[in-house]
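Just below is one structure, and these are the notes that go with it.
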Amino acid sequence: MADIDIPEHLIALERAAWSEQQAGALTLESAAAVQAAYREHAAAMPGVSRLELEMATKKAVRHPEE
């Protein structure tokens, strides 16, 4: 996967959603907000799909040491 510039607001949204998910408290509103942010940011990044952006962000949040 190519290096993708991930804005801090996406990292923050994904961290919040991941915390909620781990606590068993992920809400539809939180999940929808993260997905909307992925779609919006990917649309502004030529050559980067929403899926690539989402995967890179989740990897950065869930596995920061890699």
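We label chains A, B, ... in the order they appear in the structure tokens, count residues from 1 in each chain, and number ligands from 1 in the order shown.
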For segment 40-55 of chain A, list every protein, DNA or RNA residue within 10 Å, evaluated using only C-alpha atoms, and leave out those in the same chain fewer than 6 positions away; present the list as an NGL selection string. :A and (1-7 or 10 or 14 or 34 or 61)
Among chain A, which residues carry a DSSP assignment of alpha helix (DSSP H), reported as a count of residues only? 44
A:Ala12, A:His63, A:Lys58, A:Ser19 ranked by distance to Ala33 of chain A, top pick (using only C-alpha atoms): A:Ala12
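Those residues that approach Ser30 of chain A to within 12 Å, counting only C-alpha atoms, are Ala12, Leu13, Glu14, Arg15, Ala16, Ala17, Trp18, Ser19, Glu20, Gln21, Ala25, Leu26, Thr27, Leu28, Ala32, Ala33, Val34, Gln35, Ala36 and Ala37 of chain A; same-chain residues fewer than 2 positions away are not listed.
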